[in-house]
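Participant: Got a structure here, written out as structure tokens. Questions coming.
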Amino acid sequence: MTNALEIKNLQKTYANNFVALHGIDLTIKKGEFFGLLGPNGAGKSTTIGIITSIVNKTAGKVFVFDHDFDKAPDYAKACIGIVPQEYNFSIFETVIRTLVKQAGYYGIPRKLALERSEKYLKKLGLWEKREDRVRFLSGGQKRRLMIARALVHEPPLLILDEPTAGVDIELRRMMWNFLKEMNAKGTTIILTTHYLEEAEYLCNEIAIINHGRIIEQGLTQDLLRKLNIQTFVLDINKNLSQLPEIKDMNLRLINNKTLEVDIEQGQSINDVFSALSAQAIDVVSLRNKSNRLEELFLKLTQAPESKHV
Amino acid sequence: MFKVKLIAFQTIVMNEIHRFSRLWMQTLLPPMITMTLYFVIFGSLIGSRVGKMEGVPFMQFMAPGLIMMSIITNSYANVVSSFYGIRFQRSVEELLVSPTPNSLILLGYTIGGVIRGIITGIIITIIALFFTNLHVQHIFITMTIVILTALLFSLAGFLNAVYSKSFDDITIIPTFVLTPLTYLGGVFYSIHQLPDAWRDVSLANPVLYIVNTFRYGILGITDVHIAVAFVIIFLCVIGLYALNLRLLNKGVGIRT
């Protein structure tokens with residue numbers, strides 16, 4: 001099966017001798033929704049910059065749908081649509097010209113470019129703004145325009161570098177649905193994000209990068225299973241002045257009607273319910289305290305760097 | 001892939017034409033006003049007292065130089081401001097991520113500058129005809145030198161844009177290099193009027209060859225050998241194109 005992206009021993013050392021990538025390997029299959037996660041400065045944007053020709057690599061190979069970036073850059077680039085982290089429009093252009101111009105750079109004839117522009121501007125709710133200059137768009141509209149611009153040549157691989165940073169919840173949900181729809185139609189998507197809830201919701205495979213190295217990669221569900229502890233918040237029906245005693249359970253009293261409990265691998269939340277019930281305490285509601293992926297992410301990225309050398 | 005690249009090239013050129021047409025108040029109008037003032041002040045008022053220069057009325061002698069001056073400054077200004085502008089706004093990334101090869105990016109911006117230079121040259125020629133008669137003596141030489149000059153200074157503008165780190169940097173070369181070279185490049189005088197030492201110094205000025213070759217094409221008079229002028233300008237065009245392409249391929253100023 002063709003891989004959408006294959007990276008071999010990718011290295012990047014900047015002019016100031018900062019080593020951003022220590023030789024990463026990554027394979028992303030066609031049709032995947034892939035999340036590339038990592039803290040600030042981990043190497044996510046450098047990796048994406050190299051894949052999209054914004055950053056010069058120091059060493060390594062990049063293949064996009066089997067096109068070697070060094071030997072056939074034109075074919076490789078034609079397969080990629082990029083939504084960068086920061087706005088990079090010509091702010092004096094109109095919305096529609098921004099898309100038509102971008103389509104032109106990919107060799108799309110003007111008539112087809114206009115049709116595609118209309119299609120994606122309507123899909124992303126920007127059609128009414130088509131004659132407005134880009135500088136007059138709101139932050140959320142600019143984000144959507146960058147997605148439309150990345151899609152105007154209908155690439156099989158869409159790369160989004162923190163596309164929902166700074167957008168409100170409603171717009172984020174709208175973008176999630178749109179991206180899920182694109183992925184369902186066959187577009188391979190690579191996403192970097194700081195919102196781990198976003199990655200957990202959207203991505204079926206995840207890689208975590210830290211200090212320029214891939215420290216974890218696999219199916220989202222497999223990675224989540226690696227977590228040993230989950231924390232639950234329990235709202236109870238009784239006013240408590242002191243913490244109830246439950247054997248072998250790490251329980252905390254948050255306030256007189258709220259408890260917090262850590263459930264380790266091999267333990268069951270039912271044991272907590274039973275123990276509380278025995279003390280005439282009923283659980284009214286239950287929620288997972290933190291995003292599980294966030295816990296895994298912190299666990300991995302806060303580990304000493306030497307562990308991954 | 002050829003058709004794809006052709007459309008990409010057309011897109012860059014049409015975008016450049018759209019840009020300077022939209023900004024006509026900043027791009028096309030100023031040279032019209034400046035050159036009209038030159039014709040009125042240096043041509044009509046002062047020129048009538050100067051008499052003939054190299055056997056032709058001063059206004060007629062000066063006109064080709066002013067036309068060429070406008071071509072030089074406008075082709076340069078177009079590329080330096082446009083390409084630095086897209087670097088500054090980072091919209092150059094729109095081009096870098098696309099399959100458009102660097103050679104076409106360079107050619108597209110250069111041709112954009114050439115077109116603005118030639119359009120400005122035509123406008124200034126029309127203005128000149130209100131003040132003097134111009135009968136082209138050597139049409140091929142005239143056309144060739146116009147195109148080569150616009151190419152040369154568009155490429156020079158591109159080089160300036162690649163190395164600029166601020167908007168100040170894109171005005172330094174035009175102010176401190178281009179303008180003095182143009183004024184000292186025989187626009188207003190013949191180098192035969194200069195003392196020997198200064199004449200020798202003037203021969204090192206490439207603008208002198210450009211202005212004189214163009215003047216030869218229109219009036220049939222020149223201070224320099226036309227063949228030498230063409231060789232120098234042609235080599236400069238090739239050299240600047242190769243240098244700019246090398247810089248683009250290395251990603252100087254556009255990639256980290």
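Ligands are numbered from 1 in the order shown, residues from 1 within each chain, and chains are lettered A, B, ... in the order they appear in the structure tokens.
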Considering only C-alpha atoms, return as a PDB file with N, CA and C atoms, in the first residue's frame whatever protein or nucleic-acid residues lie within 12 Å of Ile172 (chain B), sequence-local ones (same chain, fewer than 5 positions apart) excluded.
Facilitator:
```pdb
ATOM      1  N   ALA B  77      12.283  49.146  -9.187  1.00  0.00           N
ATOM      2  CA  ALA B  77      11.372  49.386  -8.056  1.00  0.00           C
ATOM      3  C   ALA B  77      10.267  48.337  -7.995  1.00  0.00           C
ATOM      4  N   VAL B  80      11.840  44.934  -6.608  1.00  0.00           N
ATOM      5  CA  VAL B  80      12.346  45.006  -5.226  1.00  0.00           C
ATOM      6  C   VAL B  80      11.196  45.171  -4.240  1.00  0.00           C
ATOM      7  N   GLY B 157      16.854  44.393  -8.982  1.00  0.00           N
ATOM      8  CA  GLY B 157      15.840  44.633  -7.958  1.00  0.00           C
ATOM      9  C   GLY B 157      15.548  43.367  -7.171  1.00  0.00           C
ATOM     10  N   ASN B 160      18.318  42.769  -4.675  1.00  0.00           N
ATOM     11  CA  ASN B 160      18.141  43.686  -3.543  1.00  0.00           C
ATOM     12  C   ASN B 160      17.033  43.161  -2.609  1.00  0.00           C
ATOM     13  N   ALA B 161      15.958  42.650  -3.196  1.00  0.00           N
ATOM     14  CA  ALA B 161      14.826  42.158  -2.393  1.00  0.00           C
ATOM     15  C   ALA B 161      15.216  40.924  -1.583  1.00  0.00           C
ATOM     16  N   TYR B 163      18.136  40.183  -0.357  1.00  0.00           N
ATOM     17  CA  TYR B 163      19.022  40.505   0.763  1.00  0.00           C
ATOM     18  C   TYR B 163      18.435  41.516   1.743  1.00  0.00           C
ATOM     19  N   SER B 164      17.329  42.155   1.390  1.00  0.00           N
ATOM     20  CA  SER B 164      16.777  43.192   2.271  1.00  0.00           C
ATOM     21  C   SER B 164      16.233  42.583   3.559  1.00  0.00           C
ATOM     22  N   LYS B 165      16.470  43.298   4.636  1.00  0.00           N
ATOM     23  CA  LYS B 165      15.947  42.850   5.935  1.00  0.00           C
ATOM     24  C   LYS B 165      14.875  43.797   6.458  1.00  0.00           C
ATOM     25  N   SER B 166      14.733  44.952   5.807  1.00  0.00           N
ATOM     26  CA  SER B 166      13.699  45.902   6.210  1.00  0.00           C
ATOM     27  C   SER B 166      13.321  46.733   4.981  1.00  0.00           C
ATOM     28  N   PHE B 167      12.236  47.511   5.120  1.00  0.00           N
ATOM     29  CA  PHE B 167      11.824  48.351   3.994  1.00  0.00           C
ATOM     30  C   PHE B 167      12.871  49.438   3.719  1.00  0.00           C
ATOM     31  N   VAL B 177      22.922  54.263  -5.038  1.00  0.00           N
ATOM     32  CA  VAL B 177      23.666  53.655  -6.142  1.00  0.00           C
ATOM     33  C   VAL B 177      23.004  53.971  -7.488  1.00  0.00           C
ATOM     34  N   LEU B 178      21.733  53.622  -7.574  1.00  0.00           N
ATOM     35  CA  LEU B 178      21.062  53.709  -8.879  1.00  0.00           C
ATOM     36  C   LEU B 178      20.922  55.152  -9.366  1.00  0.00           C
ATOM     37  N   THR B 179      20.474  56.027  -8.496  1.00  0.00           N
ATOM     38  CA  THR B 179      20.254  57.414  -8.918  1.00  0.00           C
ATOM     39  C   THR B 179      21.565  58.098  -9.320  1.00  0.00           C
ATOM     40  N   PRO B 180      22.631  58.000  -8.495  1.00  0.00           N
ATOM     41  CA  PRO B 180      23.892  58.621  -8.938  1.00  0.00           C
ATOM     42  C   PRO B 180      24.403  58.037 -10.263  1.00  0.00           C
TER      43      PRO B 180
END
```
Participant: Hey, what does DSSP flag as strand (DSSP E) within region 70-281 of chain A? Can you give it to me as a count of residues only?
Facilitator: 48
Participant: Select, from B:Gln89, B:Gln26, B:Ser82, B:Thr149, the residue with the minimum atom-to-atom distance to chain A, counting only C-alpha atoms.
Facilitator: B:Gln89
Participant: Between A:Leu300, A:Leu276, A:Ala113, A:Leu26, which one has atoms that come closest to chain B, using only C-alpha atoms?
Facilitator: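 Closest to chain B of all the choices is A:Ala113.
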Participant: Please report as a tab-separated table every residue of chain A lying within 10 Å of chain B, along with the nearest atom pair and their distance in Å (one decimal), using only C-alpha atoms.
Facilitator:
```
residue	atom	partner	partner_atom	distance
A:Thr13	CA	B:Thr256	CA	10.0
A:Tyr14	CA	B:Thr256	CA	7.3
A:Ala15	CA	B:Thr256	CA	8.2
A:Thr46	CA	B:Thr256	CA	9.4
A:Gly49	CA	B:Thr256	CA	9.1
A:Ile50	CA	B:Thr256	CA	9.6
A:Ile51	CA	B:Val97	CA	9.0
A:Thr52	CA	B:Val97	CA	5.4
A:Ser53	CA	B:Val97	CA	5.8
A:Ile54	CA	B:Arg255	CA	5.4
A:Val55	CA	B:Thr256	CA	5.0
A:Asn56	CA	B:Thr256	CA	6.2
A:Lys57	CA	B:Thr256	CA	9.0
A:Ala72	CA	B:Pro99	CA	9.7
A:Pro73	CA	B:Pro99	CA	7.0
A:Asp74	CA	B:Pro99	CA	4.3
A:Tyr75	CA	B:Pro99	CA	7.1
A:Ala76	CA	B:Pro99	CA	8.0
A:Lys77	CA	B:Pro99	CA	5.4
A:Ala78	CA	B:Pro99	CA	5.8
A:Cys79	CA	B:Pro99	CA	9.4
A:Ile80	CA	B:Val97	CA	8.1
A:Gly81	CA	B:Val97	CA	8.2
A:Ile82	CA	B:Val97	CA	7.8
A:Pro84	CA	B:Glu93	CA	9.4
A:Glu86	CA	B:Arg90	CA	9.2
A:Tyr87	CA	B:Arg90	CA	8.0
A:Asn88	CA	B:Ser91	CA	4.7
A:Phe89	CA	B:Ser91	CA	4.9
A:Ser90	CA	B:Ser91	CA	5.5
A:Ile91	CA	B:Gln89	CA	7.8
A:Phe92	CA	B:Arg19	CA	9.5
A:Glu93	CA	B:Arg19	CA	9.3
A:Arg97	CA	B:Asn15	CA	9.4
A:Thr98	CA	B:Glu94	CA	9.6
A:Val100	CA	B:Thr11	CA	9.0
A:Lys101	CA	B:Thr11	CA	6.4
A:Gln102	CA	B:Glu94	CA	6.7
A:Ala103	CA	B:Ala8	CA	8.5
A:Gly104	CA	B:Ala8	CA	5.2
A:Tyr105	CA	B:Ala8	CA	4.3
A:Tyr106	CA	B:Ser98	CA	5.9
A:Gly107	CA	B:Val4	CA	3.8
A:Ile108	CA	B:Val4	CA	6.9
A:Pro109	CA	B:Ile7	CA	6.9
A:Arg110	CA	B:Ile7	CA	8.8
A:Arg149	CA	B:Glu94	CA	9.2
A:Ala150	CA	B:Glu94	CA	9.5
A:His153	CA	B:Ser98	CA	9.9
```
Participant: Could you turn the residues from that selection into a file that holds N, CA and C atoms, as a compact mmCIF listing (two decimals), in the first residue's frame?
Facilitator:
```txt
# COMPACT_ATOMS: atom_id res chain seq x y z
N THR A 13 19.69 21.05 11.46
CA THR A 13 20.48 21.89 12.36
C THR A 13 20.41 23.31 11.81
N TYR A 14 19.93 24.23 12.63
CA TYR A 14 19.81 25.62 12.18
C TYR A 14 21.17 26.31 12.18
N ALA A 15 21.19 27.50 11.58
CA ALA A 15 22.45 28.25 11.42
C ALA A 15 23.11 28.55 12.77
N THR A 46 9.25 22.42 12.41
CA THR A 46 10.43 22.20 11.55
C THR A 46 10.17 21.02 10.62
N GLY A 49 7.75 22.14 8.12
CA GLY A 49 8.43 23.10 7.24
C GLY A 49 9.27 22.40 6.18
N ILE A 50 9.94 21.33 6.58
CA ILE A 50 10.77 20.59 5.62
C ILE A 50 9.88 19.88 4.59
N ILE A 51 8.81 19.27 5.08
CA ILE A 51 7.91 18.55 4.17
C ILE A 51 7.30 19.50 3.13
N THR A 52 7.11 20.76 3.54
CA THR A 52 6.45 21.70 2.63
C THR A 52 7.41 22.69 1.99
N SER A 53 8.71 22.45 2.11
CA SER A 53 9.75 23.25 1.44
C SER A 53 9.95 24.64 2.00
N ILE A 54 9.49 24.90 3.19
CA ILE A 54 9.71 26.22 3.80
C ILE A 54 11.04 26.21 4.55
N VAL A 55 11.44 25.02 4.95
CA VAL A 55 12.68 24.87 5.72
C VAL A 55 13.61 23.92 4.96
N ASN A 56 14.88 24.27 4.88
CA ASN A 56 15.87 23.39 4.24
C ASN A 56 16.28 22.29 5.22
N LYS A 57 16.28 21.06 4.75
CA LYS A 57 16.72 19.97 5.65
C LYS A 57 18.24 19.90 5.65
N ALA A 72 11.93 14.50 -7.38
CA ALA A 72 10.72 14.96 -8.08
C ALA A 72 9.92 15.92 -7.19
N PRO A 73 10.55 17.07 -6.87
CA PRO A 73 9.87 17.98 -5.93
C PRO A 73 8.53 18.49 -6.46
N ASP A 74 8.43 18.67 -7.77
CA ASP A 74 7.18 19.21 -8.35
C ASP A 74 6.02 18.26 -8.08
N TYR A 75 6.25 16.96 -8.29
CA TYR A 75 5.18 15.98 -8.09
C TYR A 75 4.86 15.84 -6.61
N ALA A 76 5.92 15.87 -5.79
CA ALA A 76 5.70 15.75 -4.34
C ALA A 76 4.90 16.93 -3.82
N LYS A 77 5.28 18.13 -4.24
CA LYS A 77 4.60 19.34 -3.75
C LYS A 77 3.15 19.39 -4.21
N ALA A 78 2.91 18.91 -5.41
CA ALA A 78 1.54 18.95 -5.96
C ALA A 78 0.58 18.10 -5.12
N CYS A 79 1.14 17.15 -4.36
CA CYS A 79 0.30 16.25 -3.55
C CYS A 79 -0.04 16.85 -2.19
N ILE A 80 0.57 17.98 -1.84
CA ILE A 80 0.43 18.50 -0.47
C ILE A 80 -0.36 19.81 -0.44
N GLY A 81 -1.24 19.91 0.54
CA GLY A 81 -1.87 21.19 0.86
C GLY A 81 -1.48 21.54 2.28
N ILE A 82 -1.07 22.77 2.51
CA ILE A 82 -0.56 23.13 3.85
C ILE A 82 -1.37 24.29 4.44
N PRO A 84 -0.63 26.64 7.36
CA PRO A 84 0.45 26.96 8.30
C PRO A 84 -0.08 27.47 9.63
N GLU A 86 0.94 30.25 11.17
CA GLU A 86 0.75 31.70 11.17
C GLU A 86 0.23 32.15 9.82
N TYR A 87 -0.51 33.28 9.84
CA TYR A 87 -1.06 33.80 8.59
C TYR A 87 0.09 34.16 7.64
N ASN A 88 -0.06 33.73 6.40
CA ASN A 88 0.96 34.09 5.41
C ASN A 88 0.29 34.50 4.09
N PHE A 89 -0.74 35.33 4.23
CA PHE A 89 -1.42 35.84 3.03
C PHE A 89 -0.76 37.13 2.58
N SER A 90 -1.09 37.49 1.35
CA SER A 90 -0.89 38.87 0.95
C SER A 90 -2.14 39.59 1.44
N ILE A 91 -1.99 40.43 2.44
CA ILE A 91 -3.17 41.01 3.10
C ILE A 91 -3.92 42.01 2.24
N PHE A 92 -3.31 42.41 1.12
CA PHE A 92 -3.97 43.39 0.26
C PHE A 92 -4.84 42.72 -0.81
N GLU A 93 -4.74 41.40 -0.91
CA GLU A 93 -5.53 40.67 -1.91
C GLU A 93 -6.95 40.45 -1.40
N ARG A 97 -9.28 36.23 -4.89
CA ARG A 97 -8.02 36.29 -5.64
C ARG A 97 -6.95 35.45 -4.93
N THR A 98 -7.00 35.42 -3.60
CA THR A 98 -6.03 34.62 -2.85
C THR A 98 -6.12 33.15 -3.27
N VAL A 100 -7.66 31.91 -6.13
CA VAL A 100 -7.43 31.72 -7.57
C VAL A 100 -5.93 31.78 -7.87
N LYS A 101 -5.26 32.70 -7.20
CA LYS A 101 -3.81 32.84 -7.39
C LYS A 101 -3.09 31.56 -6.93
N GLN A 102 -3.49 31.06 -5.77
CA GLN A 102 -2.85 29.85 -5.25
C GLN A 102 -3.09 28.67 -6.20
N ALA A 103 -4.31 28.58 -6.72
CA ALA A 103 -4.61 27.51 -7.68
C ALA A 103 -3.72 27.65 -8.91
N GLY A 104 -3.49 28.89 -9.32
CA GLY A 104 -2.63 29.15 -10.49
C GLY A 104 -1.22 28.64 -10.26
N TYR A 105 -0.71 28.81 -9.05
CA TYR A 105 0.64 28.32 -8.75
C TYR A 105 0.72 26.80 -8.89
N TYR A 106 -0.42 26.14 -8.75
CA TYR A 106 -0.46 24.68 -8.91
C TYR A 106 -0.87 24.28 -10.33
N GLY A 107 -0.93 25.26 -11.22
CA GLY A 107 -1.20 24.97 -12.62
C GLY A 107 -2.66 24.70 -12.94
N ILE A 108 -3.55 25.18 -12.10
CA ILE A 108 -4.98 24.96 -12.34
C ILE A 108 -5.52 26.10 -13.20
N PRO A 109 -6.17 25.78 -14.33
CA PRO A 109 -6.69 26.84 -15.21
C PRO A 109 -7.69 27.73 -14.46
N ARG A 110 -7.78 28.98 -14.88
CA ARG A 110 -8.55 29.99 -14.13
C ARG A 110 -10.01 29.60 -13.93
N ARG A 149 -7.54 27.69 1.02
CA ARG A 149 -6.39 27.87 0.13
C ARG A 149 -5.60 26.57 -0.01
N ALA A 150 -5.49 25.83 1.09
CA ALA A 150 -4.74 24.57 1.05
C ALA A 150 -5.47 23.50 0.23
N HIS A 153 -6.28 23.12 -4.70
CA HIS A 153 -5.74 22.22 -5.74
C HIS A 153 -6.06 20.76 -5.42
```
Participant: Using Å and a single decimal, report how far CA of Ile208 (chain A) sits from CA of Asn3 (chain A).
Facilitator: 19.3 Å
Participant: Would you kindly return, as an NGL selection string, each protein, DNA or RNA residue with an atom no farther than 9 Å from any atom of Phe153 (chain B), considering only C-alpha atoms and excluding same-chain residues fewer than 6 positions away?
Facilitator: :B and (71-77 or 79 or 110 or 113-114 or 237)
Participant: Could you work out how far CA of Val187 (chain B) lies from CA of Leu66 (chain B), giving the answer in Å with one decimal?
Facilitator: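 Separation between CA of Leu66 (chain B) and CA of Val187 (chain B): 6.5 Å.
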Participant: For CA of Leu5 (chain A) and CA of Glu32 (chain A), quote the distance in Å rounded to one decimal.
Facilitator: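 CA of Leu5 (chain A) sits 10.3 Å away from CA of Glu32 (chain A).
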Participant: Could you name the residues that touch Asn9 (chain A) at 10 Å or less, counting only C-alpha atoms, but leaving out those on the same chain fewer than 3 positions away, as a VMD selection string?
Facilitator: chain A and resid 12 21 to 26 59 to 62
Participant: Would you list the contacts of Val136 (chain B) as JSON, numbers by chain, taking every protein, DNA or RNA residue within 8 Å and counting only C-alpha atoms, but skipping same-chain residues closer than 6 positions in sequence?
Facilitator: {"B": [142, 217, 218, 219]}
Participant: Kindly indicate which residue among B:Met69, B:Ser48, B:Leu23, B:Phe58 lies nearest to Tyr183 (chain B), using only C-alpha atoms for the distances.
Facilitator: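 Closest candidate: B:Met69.
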Participant: Give me the residues near region 188-205 of chain A as number ranges by chain, where near means some atom within 8 Å (using only C-alpha atoms) and where sequence neighbours in that chain fewer than 5 positions away do not count.
Facilitator: A: 4, 29-39, 44, 156-165, 176, 180, 183, 217-221, 291, 293-294
Participant: Emit the selected residues as an mmCIF file, in the first residue's frame, including N, CA and C atoms.
Facilitator:
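Below you can see result.cif, which holds the result:
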```cif
data_model
loop_
_atom_site.group_PDB
_atom_site.id
_atom_site.type_symbol
_atom_site.label_atom_id
_atom_site.label_comp_id
_atom_site.auth_asym_id
_atom_site.auth_seq_id
_atom_site.Cartn_x
_atom_site.Cartn_y
_atom_site.Cartn_z
ATOM 1 N N ALA A 4 1.338 7.782 2.343
ATOM 2 C CA ALA A 4 1.133 9.189 2.004
ATOM 3 C C ALA A 4 2.419 9.969 2.260
ATOM 4 N N LYS A 29 0.378 6.251 6.596
ATOM 5 C CA LYS A 29 -0.300 5.536 5.514
ATOM 6 C C LYS A 29 -1.360 6.411 4.875
ATOM 7 N N LYS A 30 -1.644 6.085 3.623
ATOM 8 C CA LYS A 30 -2.676 6.795 2.871
ATOM 9 C C LYS A 30 -4.029 6.676 3.592
ATOM 10 N N GLY A 31 -4.731 7.775 3.695
ATOM 11 C CA GLY A 31 -6.069 7.761 4.280
ATOM 12 C C GLY A 31 -6.111 7.982 5.778
ATOM 13 N N GLU A 32 -4.929 8.079 6.406
ATOM 14 C CA GLU A 32 -4.911 8.248 7.866
ATOM 15 C C GLU A 32 -5.233 9.670 8.299
ATOM 16 N N PHE A 33 -5.674 9.777 9.534
ATOM 17 C CA PHE A 33 -5.773 11.078 10.195
ATOM 18 C C PHE A 33 -4.723 11.032 11.283
ATOM 19 N N PHE A 34 -3.603 11.676 11.036
ATOM 20 C CA PHE A 34 -2.404 11.484 11.852
ATOM 21 C C PHE A 34 -2.122 12.725 12.694
ATOM 22 N N GLY A 35 -1.852 12.528 13.947
ATOM 23 C CA GLY A 35 -1.538 13.643 14.828
ATOM 24 C C GLY A 35 -0.063 13.672 15.183
ATOM 25 N N LEU A 36 0.557 14.811 14.987
ATOM 26 C CA LEU A 36 1.956 14.988 15.386
ATOM 27 C C LEU A 36 1.952 15.941 16.582
ATOM 28 N N LEU A 37 2.259 15.386 17.736
ATOM 29 C CA LEU A 37 2.152 16.165 18.967
ATOM 30 C C LEU A 37 3.532 16.401 19.572
ATOM 31 N N GLY A 38 3.602 17.469 20.320
ATOM 32 C CA GLY A 38 4.858 17.753 21.003
ATOM 33 C C GLY A 38 4.796 19.127 21.625
ATOM 34 N N PRO A 39 5.599 19.347 22.651
ATOM 35 C CA PRO A 39 5.598 20.681 23.280
ATOM 36 C C PRO A 39 6.232 21.722 22.361
ATOM 37 N N LYS A 44 8.043 19.991 15.713
ATOM 38 C CA LYS A 44 6.854 19.744 14.863
ATOM 39 C C LYS A 44 6.859 20.658 13.629
ATOM 40 N N PRO A 156 -4.114 15.215 -2.158
ATOM 41 C CA PRO A 156 -4.445 13.991 -1.406
ATOM 42 C C PRO A 156 -3.892 14.006 0.014
ATOM 43 N N LEU A 157 -2.945 14.919 0.299
ATOM 44 C CA LEU A 157 -2.374 15.019 1.646
ATOM 45 C C LEU A 157 -2.538 16.457 2.146
ATOM 46 N N LEU A 158 -3.265 16.576 3.260
ATOM 47 C CA LEU A 158 -3.492 17.902 3.846
ATOM 48 C C LEU A 158 -2.742 17.976 5.179
ATOM 49 N N ILE A 159 -1.913 18.997 5.321
ATOM 50 C CA ILE A 159 -1.134 19.156 6.554
ATOM 51 C C ILE A 159 -1.595 20.430 7.250
ATOM 52 N N LEU A 160 -1.963 20.280 8.520
ATOM 53 C CA LEU A 160 -2.462 21.440 9.272
ATOM 54 C C LEU A 160 -1.587 21.656 10.508
ATOM 55 N N ASP A 161 -0.952 22.801 10.574
ATOM 56 C CA ASP A 161 -0.072 23.113 11.682
ATOM 57 C C ASP A 161 -0.840 23.985 12.680
ATOM 58 N N GLU A 162 -1.342 23.366 13.712
ATOM 59 C CA GLU A 162 -2.147 24.027 14.743
ATOM 60 C C GLU A 162 -3.263 24.896 14.145
ATOM 61 N N PRO A 163 -4.168 24.262 13.419
ATOM 62 C CA PRO A 163 -5.182 25.036 12.690
ATOM 63 C C PRO A 163 -6.225 25.682 13.578
ATOM 64 N N THR A 164 -6.418 25.159 14.782
ATOM 65 C CA THR A 164 -7.491 25.711 15.614
ATOM 66 C C THR A 164 -6.955 26.578 16.755
ATOM 67 N N ALA A 165 -5.665 26.936 16.661
ATOM 68 C CA ALA A 165 -5.099 27.787 17.722
ATOM 69 C C ALA A 165 -5.814 29.136 17.718
ATOM 70 N N TRP A 176 -13.435 20.776 12.952
ATOM 71 C CA TRP A 176 -13.269 19.337 13.205
ATOM 72 C C TRP A 176 -14.170 18.525 12.287
ATOM 73 N N LYS A 180 -12.976 15.942 9.473
ATOM 74 C CA LYS A 180 -13.413 14.531 9.516
ATOM 75 C C LYS A 180 -14.039 14.135 8.183
ATOM 76 N N ASN A 183 -11.360 13.700 5.569
ATOM 77 C CA ASN A 183 -10.649 12.442 5.800
ATOM 78 C C ASN A 183 -11.503 11.257 5.356
ATOM 79 N N GLN A 217 4.995 6.452 18.968
ATOM 80 C CA GLN A 217 4.134 6.468 17.785
ATOM 81 C C GLN A 217 3.248 5.237 17.786
ATOM 82 N N GLY A 218 2.003 5.400 17.432
ATOM 83 C CA GLY A 218 1.108 4.255 17.344
ATOM 84 C C GLY A 218 -0.325 4.694 17.203
ATOM 85 N N LEU A 219 -1.215 3.710 17.206
ATOM 86 C CA LEU A 219 -2.645 4.018 17.133
ATOM 87 C C LEU A 219 -3.046 4.747 18.411
ATOM 88 N N THR A 220 -3.929 5.709 18.267
ATOM 89 C CA THR A 220 -4.325 6.534 19.417
ATOM 90 C C THR A 220 -4.808 5.648 20.567
ATOM 91 N N GLN A 221 -5.660 4.674 20.259
ATOM 92 C CA GLN A 221 -6.212 3.821 21.311
ATOM 93 C C GLN A 221 -5.134 2.988 21.991
ATOM 94 N N ASN A 291 -7.896 14.997 30.316
ATOM 95 C CA ASN A 291 -7.800 14.325 29.044
ATOM 96 C C ASN A 291 -6.737 13.243 29.154
ATOM 97 N N LEU A 293 -5.124 11.625 26.915
ATOM 98 C CA LEU A 293 -3.985 11.827 26.029
ATOM 99 C C LEU A 293 -3.036 12.873 26.616
ATOM 100 N N GLU A 294 -3.633 13.848 27.269
ATOM 101 C CA GLU A 294 -2.836 14.884 27.908
ATOM 102 C C GLU A 294 -1.931 14.262 28.978
#
```
Participant: With only C-alpha atoms as the atoms that count, which of A:Asp222, A:Asp235, A:Lys71, A:Lys122 lies nearest to Arg287 (chain A)?
Facilitator: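 When distances to Arg287 (chain A) are compared using only C-alpha atoms, the smallest one comes from A:Asp235.
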